[in-house]
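Novice: One structure, as C-alpha cells, below. Some questions next.
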Amino acid sequence: HFHHRSFSSLFGILDDLRDFLFSKPKAPPQPIPSTPSSKTTTTTTTTKGTITRIASKPYQPDGSSKPSSRTYTTRKESYPKAQLSKHGIVGDYNHYRTIALDNTLDRAVSILTEDVLDICKNTGGYKEISNGDLGENLCLDGFRYDSFQIGSRCCIGHQDGIILEITEPIVACANLCKLQFINRESSSPKERIQKCTEFIDFLNQKDGLRGWYAKVVDLGKDDGFICVGDEVKLM
C-alpha cells in the first residue's frame, strides 16, 4: 500500500498517515521526565525568564506558505527584534490560523520553552532538532514547558510592557512531518510515516511540550516592540 505512491513531498501521504495512525498498533512514546533535565535549572515555580529567540515567516506568494506545498516547512527564521500587534508578530503568516480560524486572536503568538529542545534530543532521541523547527514565534529561557497553563499572563519588558495571556497548548500535527530529520529521502515511505507518528505522539504526551498559544492583551507603552534578551515575567 505504501509503495504505490510518490513521496517526493508529504502532501500525497496524508491519507496513508491517517490510516497508519488509526489502524496500526503503536509502541508508546518515550516518557517525558517529571524532573528537569541536567541542562535545565528551572522548576515549574519559576516566574521569570528571557526571550532567547524571535521568529516569523512572511506570506509567500509562490504558494509555499500552504502546508500542501512541496516546499512548505514549519520552520521560522530568527530576528533580533520584532513588533507585536493584536494579530501577532507583524509580518508573520500562519495559513491555518488565517484561513481556517479566520485570524483568531487567541493564537496570535506561539511560545516554546528552551527545555523542549533538550527533552526532544535527550529523551526522544531527536538529535537533529534545532531552534525554529517547531515554528515558534518566541523561545523563552528560564521556564519549563509546564510553567504555563491556560489563563496564565506574562509581561514582556518593563512594568508597562506587553502582556500576553496563554490561551491553549499547541497540539502537534502532521505538518511537522516535513522537517528534514523526519522526512528523510533515504528512508522508505513506511519508515517516514512511522517516524512522523512517533514524533507527534512524543510531543503530544504533555501540555506545553509542543508549545503554547497566547493572545496579546496589551501592547505596552513601547507599541509592541520586543527584542531578544527582553525579560519575561509571569504575572
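Naming scheme: A, B, ... for chains in displayed order of the C-alpha cells; residues 1 onward per chain; ligands 1 onward as shown.
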Looking only at strand (DSSP E or B) from DSSP on the backbone, list the matching residues of stretch 32-169 of chain A as a PyMOL selection string.
Specialist: chain A and resi 48-56+77-79+81-85+88-89+109-113+138-141+153-156+162-169
Novice: May I have the residues from that selection written out with N, CA and C atoms, as a compact mmCIF listing (two decimals), in the first residue's frame?
Specialist:
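Output saved as selection_30.txt:
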# COMPACT_ATOMS: atom_id res chain seq x y z
N LYS A 48 10.19 33.95 36.11
CA LYS A 48 10.90 34.94 35.33
C LYS A 48 11.85 34.26 34.35
N GLY A 49 11.92 34.81 33.13
CA GLY A 49 12.84 34.28 32.14
C GLY A 49 13.17 35.35 31.13
N THR A 50 13.74 34.94 29.99
CA THR A 50 14.12 35.89 28.94
C THR A 50 13.76 35.34 27.57
N ILE A 51 13.58 36.25 26.63
CA ILE A 51 13.39 35.85 25.24
C ILE A 51 14.75 35.53 24.64
N THR A 52 14.92 34.32 24.13
CA THR A 52 16.19 33.93 23.52
C THR A 52 16.10 33.90 22.00
N ARG A 53 14.89 33.89 21.48
CA ARG A 53 14.74 33.83 20.02
C ARG A 53 13.39 34.41 19.63
N ILE A 54 13.38 35.24 18.58
CA ILE A 54 12.16 35.78 17.98
C ILE A 54 12.13 35.32 16.53
N ALA A 55 11.01 34.77 16.11
CA ALA A 55 10.97 34.23 14.75
C ALA A 55 9.63 34.51 14.08
N SER A 56 9.67 34.63 12.77
CA SER A 56 8.46 34.82 11.99
C SER A 56 8.71 34.33 10.57
N GLU A 77 12.48 31.57 10.61
CA GLU A 77 13.81 32.15 10.78
C GLU A 77 13.79 33.22 11.88
N SER A 78 14.94 33.44 12.48
CA SER A 78 15.03 34.31 13.65
C SER A 78 15.41 35.74 13.28
N TYR A 79 15.00 36.65 14.17
CA TYR A 79 15.29 38.08 14.03
C TYR A 79 15.63 38.63 15.41
N LYS A 81 14.81 41.47 16.68
CA LYS A 81 13.70 42.23 17.25
C LYS A 81 12.50 42.14 16.34
N ALA A 82 11.34 42.50 16.86
CA ALA A 82 10.11 42.46 16.07
C ALA A 82 9.08 43.36 16.74
N GLN A 83 7.97 43.56 16.06
CA GLN A 83 6.86 44.31 16.64
C GLN A 83 5.63 43.42 16.69
N LEU A 84 4.97 43.45 17.83
CA LEU A 84 3.74 42.71 18.02
C LEU A 84 2.54 43.61 17.77
N SER A 85 1.50 43.01 17.21
CA SER A 85 0.19 43.65 17.14
C SER A 85 -0.78 42.69 17.80
N GLY A 88 -0.43 39.29 16.36
CA GLY A 88 0.82 38.55 16.49
C GLY A 88 2.00 39.36 16.00
N ILE A 89 3.08 38.68 15.64
CA ILE A 89 4.25 39.38 15.13
C ILE A 89 3.94 39.96 13.76
N VAL A 109 0.30 34.48 19.07
CA VAL A 109 1.72 34.24 19.34
C VAL A 109 1.91 32.79 19.78
N SER A 110 2.92 32.14 19.22
CA SER A 110 3.27 30.80 19.69
C SER A 110 4.56 30.88 20.51
N ILE A 111 4.55 30.17 21.63
CA ILE A 111 5.65 30.25 22.59
C ILE A 111 6.21 28.85 22.82
N LEU A 112 7.52 28.75 22.87
CA LEU A 112 8.20 27.49 23.19
C LEU A 112 9.24 27.77 24.26
N THR A 113 9.42 26.85 25.18
CA THR A 113 10.45 27.00 26.21
C THR A 113 11.68 26.19 25.81
N LEU A 138 8.21 32.89 19.75
CA LEU A 138 9.07 33.28 20.86
C LEU A 138 9.62 32.03 21.54
N CYS A 139 10.91 32.01 21.75
CA CYS A 139 11.53 30.95 22.54
C CYS A 139 12.01 31.58 23.85
N LEU A 140 11.66 30.95 24.97
CA LEU A 140 11.94 31.51 26.28
C LEU A 140 12.87 30.62 27.08
N ASP A 141 13.84 31.23 27.72
CA ASP A 141 14.70 30.53 28.68
C ASP A 141 14.25 30.93 30.09
N ARG A 153 -0.78 34.78 32.57
CA ARG A 153 -0.38 36.02 31.90
C ARG A 153 1.08 36.30 32.18
N CYS A 154 1.76 36.84 31.18
CA CYS A 154 3.15 37.22 31.36
C CYS A 154 3.38 38.59 30.76
N CYS A 155 4.33 39.29 31.33
CA CYS A 155 4.67 40.65 30.91
C CYS A 155 6.06 40.62 30.28
N ILE A 156 6.20 41.21 29.11
CA ILE A 156 7.48 41.29 28.43
C ILE A 156 8.05 42.69 28.61
N ILE A 162 4.50 44.64 27.29
CA ILE A 162 3.49 43.84 26.60
C ILE A 162 2.96 42.76 27.54
N ILE A 163 1.65 42.54 27.47
CA ILE A 163 1.05 41.48 28.27
C ILE A 163 0.46 40.42 27.33
N LEU A 164 0.89 39.17 27.53
CA LEU A 164 0.36 38.04 26.79
C LEU A 164 -0.43 37.15 27.74
N GLU A 165 -1.47 36.51 27.21
CA GLU A 165 -2.25 35.56 28.00
C GLU A 165 -2.28 34.21 27.28
N ILE A 166 -1.89 33.16 27.99
CA ILE A 166 -1.90 31.82 27.42
C ILE A 166 -3.34 31.38 27.17
N THR A 167 -3.61 30.90 25.95
CA THR A 167 -4.97 30.51 25.58
C THR A 167 -5.15 29.01 25.43
N GLU A 168 -4.11 28.30 25.00
CA GLU A 168 -4.23 26.85 24.82
C GLU A 168 -2.86 26.24 24.55
N PRO A 169 -2.69 24.96 24.89
CA PRO A 169 -1.46 24.26 24.49
C PRO A 169 -1.52 23.95 23.00
Novice: Excluding same-chain residues fewer than 3 positions from A:His158, what lies within 10 Å of it counting only C-alpha atoms, as a ChimeraX atom specification?
Specialist: /A:155,161-162,220-222,230-233
Novice: For the residues in that selection, give me N, CA, C and O atoms as an mmCIF file, in the first residue's frame.
Specialist:
data_model
loop_
_atom_site.group_PDB
_atom_site.id
_atom_site.type_symbol
_atom_site.label_atom_id
_atom_site.label_comp_id
_atom_site.auth_asym_id
_atom_site.auth_seq_id
_atom_site.Cartn_x
_atom_site.Cartn_y
_atom_site.Cartn_z
ATOM 1 N N CYS A 155 4.327 39.289 31.332
ATOM 2 C CA CYS A 155 4.670 40.645 30.905
ATOM 3 C C CYS A 155 6.055 40.620 30.284
ATOM 4 O O CYS A 155 6.993 40.041 30.854
ATOM 5 N N GLY A 161 5.075 46.903 30.081
ATOM 6 C CA GLY A 161 5.379 46.223 28.837
ATOM 7 C C GLY A 161 4.199 45.455 28.256
ATOM 8 O O GLY A 161 3.046 45.581 28.705
ATOM 9 N N ILE A 162 4.502 44.644 27.294
ATOM 10 C CA ILE A 162 3.487 43.841 26.600
ATOM 11 C C ILE A 162 2.955 42.764 27.537
ATOM 12 O O ILE A 162 3.710 42.139 28.284
ATOM 13 N N GLY A 220 1.570 47.500 25.524
ATOM 14 C CA GLY A 220 2.519 48.244 26.345
ATOM 15 C C GLY A 220 2.842 49.620 25.795
ATOM 16 O O GLY A 220 2.379 50.014 24.726
ATOM 17 N N LYS A 221 3.660 50.326 26.521
ATOM 18 C CA LYS A 221 3.934 51.713 26.147
ATOM 19 C C LYS A 221 4.948 51.836 25.010
ATOM 20 O O LYS A 221 5.169 52.928 24.481
ATOM 21 N N ASP A 222 5.584 50.706 24.639
ATOM 22 C CA ASP A 222 6.553 50.736 23.542
ATOM 23 C C ASP A 222 5.945 50.255 22.228
ATOM 24 O O ASP A 222 6.664 49.859 21.306
ATOM 25 N N ASP A 230 14.903 40.447 26.124
ATOM 26 C CA ASP A 230 13.873 41.057 26.962
ATOM 27 C C ASP A 230 13.459 40.091 28.072
ATOM 28 O O ASP A 230 13.339 38.885 27.852
ATOM 29 N N GLU A 231 13.210 40.665 29.240
ATOM 30 C CA GLU A 231 12.752 39.862 30.375
ATOM 31 C C GLU A 231 11.282 39.524 30.237
ATOM 32 O O GLU A 231 10.487 40.325 29.738
ATOM 33 N N VAL A 232 10.919 38.320 30.657
ATOM 34 C CA VAL A 232 9.526 37.878 30.658
ATOM 35 C C VAL A 232 9.173 37.435 32.079
ATOM 36 O O VAL A 232 9.874 36.621 32.666
ATOM 37 N N LYS A 233 8.083 38.003 32.622
ATOM 38 C CA LYS A 233 7.671 37.679 33.981
ATOM 39 C C LYS A 233 6.245 37.155 33.989
ATOM 40 O O LYS A 233 5.356 37.709 33.326
#
Novice: Neighbours of stretch 201-209 of chain A within 9 Å (only C-alpha atoms; same-chain residues fewer than 6 positions away dropped), as a list in words?
Specialist: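 Once the nearby chain positions are removed, what remains is Pro28, Pro29, Gln30, Pro31, Ile32, Ile111, Leu112, Thr113, Asp115, Val116, Ile119, Cys120, Gly124, Arg144, Tyr145, Asp146, Ser147, Phe148, Gln149, Glu168, Pro169, Ile170, Val171 and Ala172 of chain A.
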Novice: DSSP on the backbone: which residues in chain A end up as alpha helix (DSSP H)? Give the answer as an mmCIF file with C-alpha atoms, in the first residue's frame.
Specialist:
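To be explicit, this is the file written out as out23.cif:
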data_model
loop_
_atom_site.group_PDB
_atom_site.id
_atom_site.type_symbol
_atom_site.label_atom_id
_atom_site.label_comp_id
_atom_site.auth_asym_id
_atom_site.auth_seq_id
_atom_site.Cartn_x
_atom_site.Cartn_y
_atom_site.Cartn_z
ATOM 1 C CA LEU A 14 -1.826 12.364 4.403
ATOM 2 C CA ASP A 15 -4.378 9.599 3.769
ATOM 3 C CA ASP A 16 -1.731 6.982 4.463
ATOM 4 C CA LEU A 17 -0.735 8.841 7.606
ATOM 5 C CA ARG A 18 -4.297 8.826 8.899
ATOM 6 C CA ASP A 19 -4.612 5.146 8.107
ATOM 7 C CA PHE A 20 -1.378 4.453 9.906
ATOM 8 C CA LEU A 21 -2.376 6.465 12.963
ATOM 9 C CA PHE A 22 -5.677 4.714 13.478
ATOM 10 C CA SER A 23 -5.122 1.204 12.184
ATOM 11 C CA HIS A 95 -2.015 29.601 6.885
ATOM 12 C CA TYR A 96 -4.268 27.517 9.117
ATOM 13 C CA ARG A 97 -4.956 30.353 11.540
ATOM 14 C CA THR A 98 -5.579 32.796 8.710
ATOM 15 C CA ILE A 99 -7.847 30.650 6.557
ATOM 16 C CA ASP A 115 13.877 22.886 27.730
ATOM 17 C CA VAL A 116 11.737 21.323 24.997
ATOM 18 C CA LEU A 117 14.713 21.038 22.649
ATOM 19 C CA ASP A 118 16.764 19.330 25.366
ATOM 20 C CA ILE A 119 13.922 16.908 26.051
ATOM 21 C CA CYS A 120 13.495 16.134 22.340
ATOM 22 C CA LYS A 121 17.209 15.464 21.960
ATOM 23 C CA ASN A 122 17.974 13.674 25.215
ATOM 24 C CA PRO A 189 7.706 5.687 2.919
ATOM 25 C CA LYS A 190 6.727 3.375 5.766
ATOM 26 C CA GLU A 191 9.740 4.475 7.822
ATOM 27 C CA ARG A 192 8.896 8.146 7.239
ATOM 28 C CA ILE A 193 5.329 7.673 8.426
ATOM 29 C CA GLN A 194 6.498 5.684 11.436
ATOM 30 C CA LYS A 195 8.990 8.405 12.370
ATOM 31 C CA CYS A 196 6.353 11.101 11.909
ATOM 32 C CA THR A 197 3.706 9.447 14.076
ATOM 33 C CA GLU A 198 6.266 8.723 16.800
ATOM 34 C CA PHE A 199 7.359 12.382 16.828
ATOM 35 C CA ILE A 200 3.764 13.636 17.006
ATOM 36 C CA ASP A 201 2.950 11.213 19.830
ATOM 37 C CA PHE A 202 6.095 12.247 21.677
ATOM 38 C CA LEU A 203 5.229 15.947 21.593
#
Novice: Of the residues A:Lys66, A:Ile182, A:Gly91, A:Cys177, which is the one nearest to A:Gly125, using only C-alpha atoms?
Specialist: A:Ile182
Novice: What gap, in Å, lies between atom CA of A:Phe143 and atom CA of A:Asn131?
Specialist: 15.9 Å
Novice: Ranking A:Thr123, A:Cys227, A:Val217, A:Arg70 by minimum distance to A:Arg107 and counting only C-alpha atoms, which one comes first?
Specialist: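 Going through A:Thr123, A:Cys227, A:Val217, A:Arg70 one by one, the smallest distance to A:Arg107 is for A:Val217.
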Novice: For A:Cys173, which residue among A:His87, A:Ser69, A:Leu134, A:Glu114 is the nearest when counting only C-alpha atoms?
Specialist: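 So, comparing all the options, the nearest one is A:Leu134.
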Novice: With only C-alpha atoms as the atoms that count, which of A:Thr47, A:Thr74, A:Ser68, A:Gln60 lies nearest to A:Gly132?
Specialist: A:Thr74
Novice: Mind pulling up the distance from atom CA of A:Gly151 to atom CA of A:Ser130?
Specialist: 28.4 Å
